[in-house]
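Here's the structure, in C-alpha cells; my notes come after.
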Amino acid sequence: MLKYLVILLLIPSILQSQSIVWEMSQNIYKDSKTDKFSFIIDSDGNPAVVIDGTRSKSMTSCFIKFDTLGNILSYKELSYENRISSISFYETDNGYKFFCLTDSADKLASYKISLPLIINTDKKGDSINSIEPYNLKIYENYKKYGTKLYSAKTSSLTANQNFYNAYIENKVEIDSTHFKIFDHLIISSYDSLGNYLWRKGYDTLKGSVDKYFIRNIRLSKTNTILAVLQYSKRINGKYEHSCKIIEIDLNGNLQKIISYSPQNLSAVPVDIAGLEDGSIIMLGEYTGSDVNNNFLVKLNSNGEILKKVDIPLSGLYDNLEGMSLSPSGGIVIYGHSVIDYKESGNSYDDISKMYLAKLSNNFDFEWDYLWHEHTFDNASSIMSVEFLDENNIIAVGFKDIFDIFCAKISLLLTRVDENKSDDLGFSIYPNPATNFIDIKLNNEASLIASCEVHIFDILGIEVISELIHPMTQSHRMNIEGLPAGVYYIKIGEKVEKFVKM
C-alpha cells in the first residue's frame with residue numbers, strides 16, 4: 001500500500017509542472033470539419049461547447065460538456081424536425097439556452113436566409129423544449145425577421161440574455177426581380193425567446209468592386225459590440241486589404257467607425273478586444289508580401305495608435321484564429337502554425353502544429369508553444385480560449401478535422417516547452433486509445449541501456465509494467481484489457497497522461 005501511496009503523491013506533483021494539465025478529444029462528425037464553436041465556462045467551472053452543424057451534411061449541431069478534470073460529462077446532438085445551426089448559447093438557472101438558425105428558407109429564396117429557433121436544455125444538454133417564434137412555412141417571415149446563415153460570413157454573440165448575429169449583405173432587394181450589389185454590415189438582435197428586436201446596416205460600400213468580410217464581433221468591457229471587418233479594395237486589378245472597426249451599443253446605435261492599415265502593408269484583422277477605458281486591441285495578419293507574421297495594435301477611442309508590435313513567427317507561417325485577455329490584461333493568442341512545406345504548391349502535405357503564445361499586457365512576447373503535429377489536410381487548431389484565472393486557461397478547437405479538442409493549460413512557465421529537454425521525454429499516440437498505445441522516446445531516452453514503463457490508474461495503482469529494450473525509440477503496449485478511464489504512464493521521472501476509451 002505504501003508503494004501505491006508514493007506513486008499517487010508523485011504523479012500530481014509531476015503533472016503540475018507541465019503546461020498541459022489535461023487534454024481530451026471527442027469524435028463528433030464523420031463528414032465535415034468541426035471549425036465553428038461557441039464556448040463558455042459555466043458556473044460550476046465546466047467547459048461547455050456547442051459545435052455548429054453548418055459544415056455537416058446532416059447539419060446536426062452538437063453540445064459537449066467537460067468536467068474540471070477533462071472528463072466528458074455530456075455529449076448530445078441538438079435535434080429538431082428541421083435542420084438547424086446552433087450559433088450561440090448561454091447558461092440559465094436550469095441548464096442552457098441555444099440560439100439556432102434554420103436553413104428552411106433555402107428552397108424559397110436564391111440566397112440563404114434563416115429564422116431563429118430557441119432550444120432550452122437541462123444541465124446535461126437534454127432538450128426541455130424548443131421555441132419557434134415565427135412560422136417557418138411563411139416566406140414573408142424570413143424577410144421580416146430572418147437573418148443570414150453563412151459558414152464563413154457570419155458571427156454571433158450573447159449579451160444581457162439577448163442574441164446578436166452579424167453578417168455581410170451583398171444583395172439589396174429593390175423589388176422581387178431586381179437587386180443592387182452593396183457590401184455592408186448587417187447586425188440583427190433577438191431576445192431570449194428568439195423574438196426579433198431590430199436589424200440595422202452600417203457603412204455601405206456602394207459598388208461591386210470593393211468587398212467587406214466580417215472577421216468577428218466581440219462584447220467590449222464597456223458593454224458595446226465591436227465588429228471587426230476586412231476591407232478589400234481593388235486597385236489596379238489587385239486587392240489591397242485593411243482593417244475596419246465598427247462599434248455600436250446594444251440597441252444598434254452607431255458609436256464610431258475606425259479604419260486601420262499598417263503603413264505600406266496589406267493586412268487583414270483576426271480578432272478584437274475592447275478595454276474599460278474605451279481603447280481597442282486588434283490582432284491582425286500581414287498579407288501579400290514576404291512578411292508573413294502577425295501583429296498586435298492598441299488604438300485609443302479615436303483610432304490613434306498607442307502601441308504596435310509584430311509577433312515573431314513560430315513556424316513558416318502562423319495561422320491565428322483569435323486572442324483572449326487575462327484578468328490583468330495579459331494576452332494569449334492561438335491557432336495553428338505550418339512548420340514544414342512538404343511539396344511546393346500542395347498545402348495538403350504541409351506539416352502543422354497547434355499554436356499558443358503568451359504576451360504581457362505591454363505586448364512583450366513571453367513564449368510560444370507548438371504541439372500535436374499533423375498534416376494540413378488533417379488540420380488541427382485552437383479556436384477559442386477562456387481564462388479560468390490569471391494563470392490557467394481552457395482551450396478548445398478541433399483535432400484531426402473530426403474531433404472536438406479541449407485542454408486545461410497552465411501559463412506559469414516562462415517557456416512552456418522547457419520539458420522537451422528532459423532526459424526521459426516521451427510522447428503517446430493515439431490518445432485517447434482503444435487497443436494499444438505507441439510510446440515514442442526522444443533521442444536521449446533511447447540511448448540508455450534499458451528502462452521500464454509503468455502504467456498507473458487514477459488511484460495510483462500500477463496496472464501494467466514492461467521493459468523497453470536498448471536503443472529503442474518506440475514501444476507498443478497492449479492496453480485492450482484495461483477498463484475505460486484515465487491512466488498515467490511513468491518512465492523514469494517523466495509522467496504523461498492518456499485516456500483508455
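Starting from 1 in every chain, residues are counted up; chains themselves are A, B, ... following the order of the C-alpha cells, and ligands are numbered from 1 as listed.
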Residues of stretch 240-394 of chain A in strand (DSSP E), written as a ChimeraX atom specification | /A:240-248,254-260,266-274,280-287,294-299,305-311,317-325,331-340,351-359,365-375,381-389,392-394
Residue list (alpha helix (DSSP H), DSSP) for stretch 76-242 of chain A, as JSON, numbers by chain = {"A": [139, 140, 141, 142, 143, 144, 145]}
Could the residues in this selection be saved with all heavy atoms as a PDB file, in the first residue's frame?
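Below is the file that was written, again_11.pdb:
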```
ATOM      1  N   TYR A 139     -43.133  32.467 -45.980  1.00  0.00           N
ATOM      2  CA  TYR A 139     -41.949  33.072 -46.574  1.00  0.00           C
ATOM      3  C   TYR A 139     -41.754  34.517 -46.124  1.00  0.00           C
ATOM      4  O   TYR A 139     -40.617  34.980 -45.926  1.00  0.00           O
ATOM      5  CB  TYR A 139     -42.034  32.996 -48.104  1.00  0.00           C
ATOM      6  CG  TYR A 139     -40.870  33.667 -48.794  1.00  0.00           C
ATOM      7  CD1 TYR A 139     -39.563  33.228 -48.567  1.00  0.00           C
ATOM      8  CD2 TYR A 139     -41.075  34.730 -49.664  1.00  0.00           C
ATOM      9  CE1 TYR A 139     -38.494  33.837 -49.194  1.00  0.00           C
ATOM     10  CE2 TYR A 139     -40.011  35.345 -50.290  1.00  0.00           C
ATOM     11  CZ  TYR A 139     -38.723  34.893 -50.045  1.00  0.00           C
ATOM     12  OH  TYR A 139     -37.667  35.502 -50.662  1.00  0.00           O
ATOM     13  N   GLU A 140     -42.829  35.266 -45.927  1.00  0.00           N
ATOM     14  CA  GLU A 140     -42.705  36.665 -45.536  1.00  0.00           C
ATOM     15  C   GLU A 140     -41.992  36.814 -44.196  1.00  0.00           C
ATOM     16  O   GLU A 140     -41.353  37.833 -43.923  1.00  0.00           O
ATOM     17  CB  GLU A 140     -44.086  37.321 -45.473  1.00  0.00           C
ATOM     18  CG  GLU A 140     -44.709  37.583 -46.833  1.00  0.00           C
ATOM     19  CD  GLU A 140     -43.827  38.493 -47.683  1.00  0.00           C
ATOM     20  OE1 GLU A 140     -43.336  39.509 -47.135  1.00  0.00           O
ATOM     21  OE2 GLU A 140     -43.634  38.198 -48.866  1.00  0.00           O
ATOM     22  N   ASN A 141     -42.095  35.800 -43.340  1.00  0.00           N
ATOM     23  CA  ASN A 141     -41.410  35.865 -42.043  1.00  0.00           C
ATOM     24  C   ASN A 141     -39.894  35.957 -42.205  1.00  0.00           C
ATOM     25  O   ASN A 141     -39.208  36.586 -41.389  1.00  0.00           O
ATOM     26  CB  ASN A 141     -41.760  34.638 -41.198  1.00  0.00           C
ATOM     27  CG  ASN A 141     -43.163  34.713 -40.636  1.00  0.00           C
ATOM     28  OD1 ASN A 141     -43.760  35.798 -40.585  1.00  0.00           O
ATOM     29  ND2 ASN A 141     -43.703  33.578 -40.207  1.00  0.00           N
ATOM     30  N   TYR A 142     -39.380  35.305 -43.246  1.00  0.00           N
ATOM     31  CA  TYR A 142     -37.932  35.328 -43.461  1.00  0.00           C
ATOM     32  C   TYR A 142     -37.453  36.742 -43.807  1.00  0.00           C
ATOM     33  O   TYR A 142     -36.396  37.181 -43.364  1.00  0.00           O
ATOM     34  CB  TYR A 142     -37.551  34.335 -44.564  1.00  0.00           C
ATOM     35  CG  TYR A 142     -37.762  32.905 -44.163  1.00  0.00           C
ATOM     36  CD1 TYR A 142     -38.972  32.274 -44.394  1.00  0.00           C
ATOM     37  CD2 TYR A 142     -36.756  32.177 -43.539  1.00  0.00           C
ATOM     38  CE1 TYR A 142     -39.189  30.967 -44.019  1.00  0.00           C
ATOM     39  CE2 TYR A 142     -36.957  30.861 -43.159  1.00  0.00           C
ATOM     40  CZ  TYR A 142     -38.177  30.255 -43.402  1.00  0.00           C
ATOM     41  OH  TYR A 142     -38.378  28.955 -43.023  1.00  0.00           O
ATOM     42  N   LYS A 143     -38.245  37.445 -44.606  1.00  0.00           N
ATOM     43  CA  LYS A 143     -37.883  38.817 -44.965  1.00  0.00           C
ATOM     44  C   LYS A 143     -37.967  39.751 -43.763  1.00  0.00           C
ATOM     45  O   LYS A 143     -37.133  40.633 -43.584  1.00  0.00           O
ATOM     46  CB  LYS A 143     -38.803  39.327 -46.078  1.00  0.00           C
ATOM     47  CG  LYS A 143     -38.563  38.691 -47.435  1.00  0.00           C
ATOM     48  CD  LYS A 143     -39.442  39.373 -48.473  1.00  0.00           C
ATOM     49  CE  LYS A 143     -39.188  38.819 -49.868  1.00  0.00           C
ATOM     50  NZ  LYS A 143     -40.011  39.508 -50.897  1.00  0.00           N
ATOM     51  N   LYS A 144     -39.002  39.565 -42.933  1.00  0.00           N
ATOM     52  CA  LYS A 144     -39.230  40.485 -41.824  1.00  0.00           C
ATOM     53  C   LYS A 144     -38.325  40.210 -40.634  1.00  0.00           C
ATOM     54  O   LYS A 144     -37.828  41.139 -39.988  1.00  0.00           O
ATOM     55  CB  LYS A 144     -40.694  40.400 -41.372  1.00  0.00           C
ATOM     56  CG  LYS A 144     -41.700  40.937 -42.372  1.00  0.00           C
ATOM     57  CD  LYS A 144     -43.118  40.799 -41.807  1.00  0.00           C
ATOM     58  CE  LYS A 144     -44.149  41.331 -42.788  1.00  0.00           C
ATOM     59  NZ  LYS A 144     -45.527  41.165 -42.250  1.00  0.00           N
ATOM     60  N   TYR A 145     -38.124  38.924 -40.322  1.00  0.00           N
ATOM     61  CA  TYR A 145     -37.484  38.581 -39.049  1.00  0.00           C
ATOM     62  C   TYR A 145     -36.220  37.740 -39.187  1.00  0.00           C
ATOM     63  O   TYR A 145     -35.574  37.431 -38.195  1.00  0.00           O
ATOM     64  CB  TYR A 145     -38.474  37.805 -38.171  1.00  0.00           C
ATOM     65  CG  TYR A 145     -39.838  38.434 -38.090  1.00  0.00           C
ATOM     66  CD1 TYR A 145     -40.966  37.772 -38.578  1.00  0.00           C
ATOM     67  CD2 TYR A 145     -40.000  39.706 -37.544  1.00  0.00           C
ATOM     68  CE1 TYR A 145     -42.226  38.352 -38.508  1.00  0.00           C
ATOM     69  CE2 TYR A 145     -41.258  40.290 -37.479  1.00  0.00           C
ATOM     70  CZ  TYR A 145     -42.365  39.609 -37.961  1.00  0.00           C
ATOM     71  OH  TYR A 145     -43.598  40.193 -37.898  1.00  0.00           O
TER      72      TYR A 145
END
```
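Each of A:Leu69, A:Val50, A:Ile305, A:Ala166 was checked against A:Lys408 using only C-alpha atoms; the smallest atom-to-atom distance is that of A:Leu69.
Atom CA of A:Leu325 lies 10.6 Å from atom CA of A:Asp389.
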Counting only C-alpha atoms, what is within 8 Å of A:Phe99, bar same-chain residues fewer than 6 positions away, as a PDB file with C-alpha atoms, in the first residue's frame?
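out_5.pdb, written as the output of this step:
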```
ATOM      1  CA  SER A  86     -26.619  26.388 -33.348  1.00  0.00           C
ATOM      2  CA  ILE A  87     -24.570  29.577 -33.319  1.00  0.00           C
ATOM      3  CA  SER A  88     -24.724  30.946 -29.756  1.00  0.00           C
ATOM      4  CA  PHE A  89     -25.750  29.920 -26.248  1.00  0.00           C
ATOM      5  CA  PRO A 116     -34.409  31.940 -35.239  1.00  0.00           C
ATOM      6  CA  LEU A 117     -35.150  28.893 -33.121  1.00  0.00           C
ATOM      7  CA  ILE A 118     -34.558  28.607 -29.362  1.00  0.00           C
ATOM      8  CA  ILE A 119     -33.735  25.254 -27.741  1.00  0.00           C
ATOM      9  CA  PHE A 163     -28.597  37.314 -29.101  1.00  0.00           C
ATOM     10  CA  GLY A 194     -35.993  34.366 -30.315  1.00  0.00           C
TER      11      GLY A 194
END
```
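Closest approach to A:Asn392 among A:Ser259, A:Ser189, A:Asn478, A:Ser326: A:Ser326, based on only C-alpha atoms.
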Point-to-point distance from atom CA of A:Glu276 to atom CA of A:Thr222, Å rounded to tenths = 5.7 Å
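Distances to A:Ala273 were evaluated for A:His372, A:His241, A:Lys358, A:Arg218 using only C-alpha atoms, and the minimum falls at A:Arg218.
We find atom CA of A:Asp310 and atom CA of A:Val338 to be spaced 18.0 Å apart.
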Mind checking which residues fall within 8 Å of stretch 36-44 of chain A, counting only C-alpha atoms, ignoring those fewer than 5 positions away in the same chain, and posting them as a PDB file with all heavy atoms, in the first residue's frame?
```
ATOM      1  N   VAL A  49     -19.253  23.436 -24.786  1.00  0.00           N
ATOM      2  CA  VAL A  49     -19.036  23.838 -26.174  1.00  0.00           C
ATOM      3  C   VAL A  49     -20.246  23.424 -27.000  1.00  0.00           C
ATOM      4  O   VAL A  49     -20.772  22.324 -26.839  1.00  0.00           O
ATOM      5  CB  VAL A  49     -17.771  23.160 -26.757  1.00  0.00           C
ATOM      6  CG1 VAL A  49     -17.497  23.675 -28.160  1.00  0.00           C
ATOM      7  CG2 VAL A  49     -16.569  23.379 -25.849  1.00  0.00           C
ATOM      8  N   VAL A  50     -20.704  24.313 -27.877  1.00  0.00           N
ATOM      9  CA  VAL A  50     -21.686  23.927 -28.877  1.00  0.00           C
ATOM     10  C   VAL A  50     -21.006  24.037 -30.234  1.00  0.00           C
ATOM     11  O   VAL A  50     -20.327  25.028 -30.526  1.00  0.00           O
ATOM     12  CB  VAL A  50     -22.967  24.778 -28.816  1.00  0.00           C
ATOM     13  CG1 VAL A  50     -22.692  26.251 -29.044  1.00  0.00           C
ATOM     14  CG2 VAL A  50     -23.992  24.276 -29.825  1.00  0.00           C
ATOM     15  N   ILE A  51     -21.133  22.981 -31.031  1.00  0.00           N
ATOM     16  CA  ILE A  51     -20.491  22.906 -32.336  1.00  0.00           C
ATOM     17  C   ILE A  51     -21.548  23.118 -33.396  1.00  0.00           C
ATOM     18  O   ILE A  51     -22.517  22.367 -33.482  1.00  0.00           O
ATOM     19  CB  ILE A  51     -19.773  21.562 -32.536  1.00  0.00           C
ATOM     20  CG1 ILE A  51     -18.725  21.332 -31.446  1.00  0.00           C
ATOM     21  CG2 ILE A  51     -19.115  21.497 -33.903  1.00  0.00           C
ATOM     22  CD1 ILE A  51     -19.198  20.426 -30.339  1.00  0.00           C
ATOM     23  N   ASP A  52     -21.350  24.159 -34.204  1.00  0.00           N
ATOM     24  CA  ASP A  52     -22.297  24.489 -35.260  1.00  0.00           C
ATOM     25  C   ASP A  52     -22.268  23.406 -36.335  1.00  0.00           C
ATOM     26  O   ASP A  52     -21.204  22.975 -36.779  1.00  0.00           O
ATOM     27  CB  ASP A  52     -21.912  25.849 -35.843  1.00  0.00           C
ATOM     28  CG  ASP A  52     -22.784  26.247 -37.015  1.00  0.00           C
ATOM     29  OD1 ASP A  52     -23.870  25.670 -37.171  1.00  0.00           O
ATOM     30  OD2 ASP A  52     -22.379  27.153 -37.759  1.00  0.00           O
ATOM     31  N   GLY A  53     -23.442  22.967 -36.752  1.00  0.00           N
ATOM     32  CA  GLY A  53     -23.524  21.893 -37.730  1.00  0.00           C
ATOM     33  C   GLY A  53     -23.515  22.334 -39.172  1.00  0.00           C
ATOM     34  O   GLY A  53     -23.773  21.537 -40.063  1.00  0.00           O
ATOM     35  N   ILE A  87     -25.649  28.614 -33.151  1.00  0.00           N
ATOM     36  CA  ILE A  87     -24.570  29.577 -33.319  1.00  0.00           C
ATOM     37  C   ILE A  87     -24.213  30.322 -32.041  1.00  0.00           C
ATOM     38  O   ILE A  87     -23.171  30.972 -31.991  1.00  0.00           O
ATOM     39  CB  ILE A  87     -24.901  30.595 -34.422  1.00  0.00           C
ATOM     40  CG1 ILE A  87     -26.198  31.347 -34.103  1.00  0.00           C
ATOM     41  CG2 ILE A  87     -25.014  29.905 -35.770  1.00  0.00           C
ATOM     42  CD1 ILE A  87     -26.493  32.462 -35.084  1.00  0.00           C
ATOM     43  N   SER A  88     -25.046  30.247 -30.992  1.00  0.00           N
ATOM     44  CA  SER A  88     -24.724  30.946 -29.756  1.00  0.00           C
ATOM     45  C   SER A  88     -25.535  30.337 -28.617  1.00  0.00           C
ATOM     46  O   SER A  88     -26.620  29.796 -28.833  1.00  0.00           O
ATOM     47  CB  SER A  88     -25.031  32.441 -29.902  1.00  0.00           C
ATOM     48  OG  SER A  88     -24.543  33.170 -28.799  1.00  0.00           O
ATOM     49  N   PHE A  89     -25.009  30.441 -27.393  1.00  0.00           N
ATOM     50  CA  PHE A  89     -25.750  29.920 -26.248  1.00  0.00           C
ATOM     51  C   PHE A  89     -25.232  30.553 -24.963  1.00  0.00           C
ATOM     52  O   PHE A  89     -24.164  31.169 -24.935  1.00  0.00           O
ATOM     53  CB  PHE A  89     -25.652  28.396 -26.185  1.00  0.00           C
ATOM     54  CG  PHE A  89     -24.367  27.833 -25.617  1.00  0.00           C
ATOM     55  CD1 PHE A  89     -24.373  27.068 -24.460  1.00  0.00           C
ATOM     56  CD2 PHE A  89     -23.149  28.041 -26.244  1.00  0.00           C
ATOM     57  CE1 PHE A  89     -23.203  26.541 -23.948  1.00  0.00           C
ATOM     58  CE2 PHE A  89     -21.978  27.507 -25.755  1.00  0.00           C
ATOM     59  CZ  PHE A  89     -21.997  26.751 -24.585  1.00  0.00           C
ATOM     60  N   TYR A  90     -26.029  30.424 -23.903  1.00  0.00           N
ATOM     61  CA  TYR A  90     -25.582  30.856 -22.578  1.00  0.00           C
ATOM     62  C   TYR A  90     -26.241  29.966 -21.522  1.00  0.00           C
ATOM     63  O   TYR A  90     -27.199  29.234 -21.787  1.00  0.00           O
ATOM     64  CB  TYR A  90     -25.889  32.337 -22.331  1.00  0.00           C
ATOM     65  CG  TYR A  90     -27.352  32.730 -22.305  1.00  0.00           C
ATOM     66  CD1 TYR A  90     -28.099  32.656 -21.138  1.00  0.00           C
ATOM     67  CD2 TYR A  90     -27.980  33.226 -23.447  1.00  0.00           C
ATOM     68  CE1 TYR A  90     -29.435  33.031 -21.106  1.00  0.00           C
ATOM     69  CE2 TYR A  90     -29.309  33.612 -23.435  1.00  0.00           C
ATOM     70  CZ  TYR A  90     -30.030  33.513 -22.246  1.00  0.00           C
ATOM     71  OH  TYR A  90     -31.353  33.888 -22.222  1.00  0.00           O
ATOM     72  N   GLU A  91     -25.709  30.050 -20.305  1.00  0.00           N
ATOM     73  CA  GLU A  91     -26.199  29.233 -19.197  1.00  0.00           C
ATOM     74  C   GLU A  91     -27.417  29.895 -18.559  1.00  0.00           C
ATOM     75  O   GLU A  91     -27.467  31.118 -18.392  1.00  0.00           O
ATOM     76  CB  GLU A  91     -25.097  29.057 -18.157  1.00  0.00           C
ATOM     77  CG  GLU A  91     -25.478  28.132 -17.005  1.00  0.00           C
ATOM     78  CD  GLU A  91     -24.377  28.001 -15.967  1.00  0.00           C
ATOM     79  OE1 GLU A  91     -23.414  28.803 -16.026  1.00  0.00           O
ATOM     80  OE2 GLU A  91     -24.470  27.113 -15.101  1.00  0.00           O
ATOM     81  N   MET A 383      -9.238  27.091 -31.441  1.00  0.00           N
ATOM     82  CA  MET A 383     -10.219  28.021 -31.997  1.00  0.00           C
ATOM     83  C   MET A 383     -10.742  29.032 -30.981  1.00  0.00           C
ATOM     84  O   MET A 383     -11.288  30.061 -31.349  1.00  0.00           O
ATOM     85  CB  MET A 383     -11.397  27.238 -32.572  1.00  0.00           C
ATOM     86  CG  MET A 383     -11.015  26.252 -33.675  1.00  0.00           C
ATOM     87  SD  MET A 383     -10.355  27.037 -35.140  1.00  0.00           S
ATOM     88  CE  MET A 383     -11.815  27.865 -35.758  1.00  0.00           C
ATOM     89  N   SER A 384     -10.614  28.718 -29.679  1.00  0.00           N
ATOM     90  CA  SER A 384     -11.125  29.639 -28.663  1.00  0.00           C
ATOM     91  C   SER A 384     -10.428  29.360 -27.338  1.00  0.00           C
ATOM     92  O   SER A 384     -10.066  28.218 -27.049  1.00  0.00           O
ATOM     93  CB  SER A 384     -12.646  29.477 -28.505  1.00  0.00           C
ATOM     94  OG  SER A 384     -13.171  30.448 -27.632  1.00  0.00           O
ATOM     95  N   GLU A 386     -10.575  30.580 -23.044  1.00  0.00           N
ATOM     96  CA  GLU A 386     -11.156  31.329 -21.932  1.00  0.00           C
ATOM     97  C   GLU A 386     -10.250  31.180 -20.712  1.00  0.00           C
ATOM     98  O   GLU A 386      -9.708  30.102 -20.462  1.00  0.00           O
ATOM     99  CB  GLU A 386     -12.564  30.811 -21.591  1.00  0.00           C
ATOM    100  CG  GLU A 386     -13.607  31.085 -22.649  1.00  0.00           C
ATOM    101  CD  GLU A 386     -14.007  32.541 -22.725  1.00  0.00           C
ATOM    102  OE1 GLU A 386     -13.768  33.281 -21.741  1.00  0.00           O
ATOM    103  OE2 GLU A 386     -14.546  32.951 -23.772  1.00  0.00           O
ATOM    104  N   VAL A 396     -10.131  25.305 -26.570  1.00  0.00           N
ATOM    105  CA  VAL A 396     -10.928  24.360 -27.345  1.00  0.00           C
ATOM    106  C   VAL A 396     -10.621  24.572 -28.827  1.00  0.00           C
ATOM    107  O   VAL A 396     -10.184  25.644 -29.254  1.00  0.00           O
ATOM    108  CB  VAL A 396     -12.445  24.505 -27.096  1.00  0.00           C
ATOM    109  CG1 VAL A 396     -12.789  24.239 -25.656  1.00  0.00           C
ATOM    110  CG2 VAL A 396     -12.940  25.876 -27.528  1.00  0.00           C
ATOM    111  N   GLY A 397     -10.842  23.530 -29.605  1.00  0.00           N
ATOM    112  CA  GLY A 397     -10.609  23.610 -31.036  1.00  0.00           C
ATOM    113  C   GLY A 397     -10.954  22.290 -31.687  1.00  0.00           C
ATOM    114  O   GLY A 397     -11.748  21.510 -31.158  1.00  0.00           O
TER     115      GLY A 397
END
```
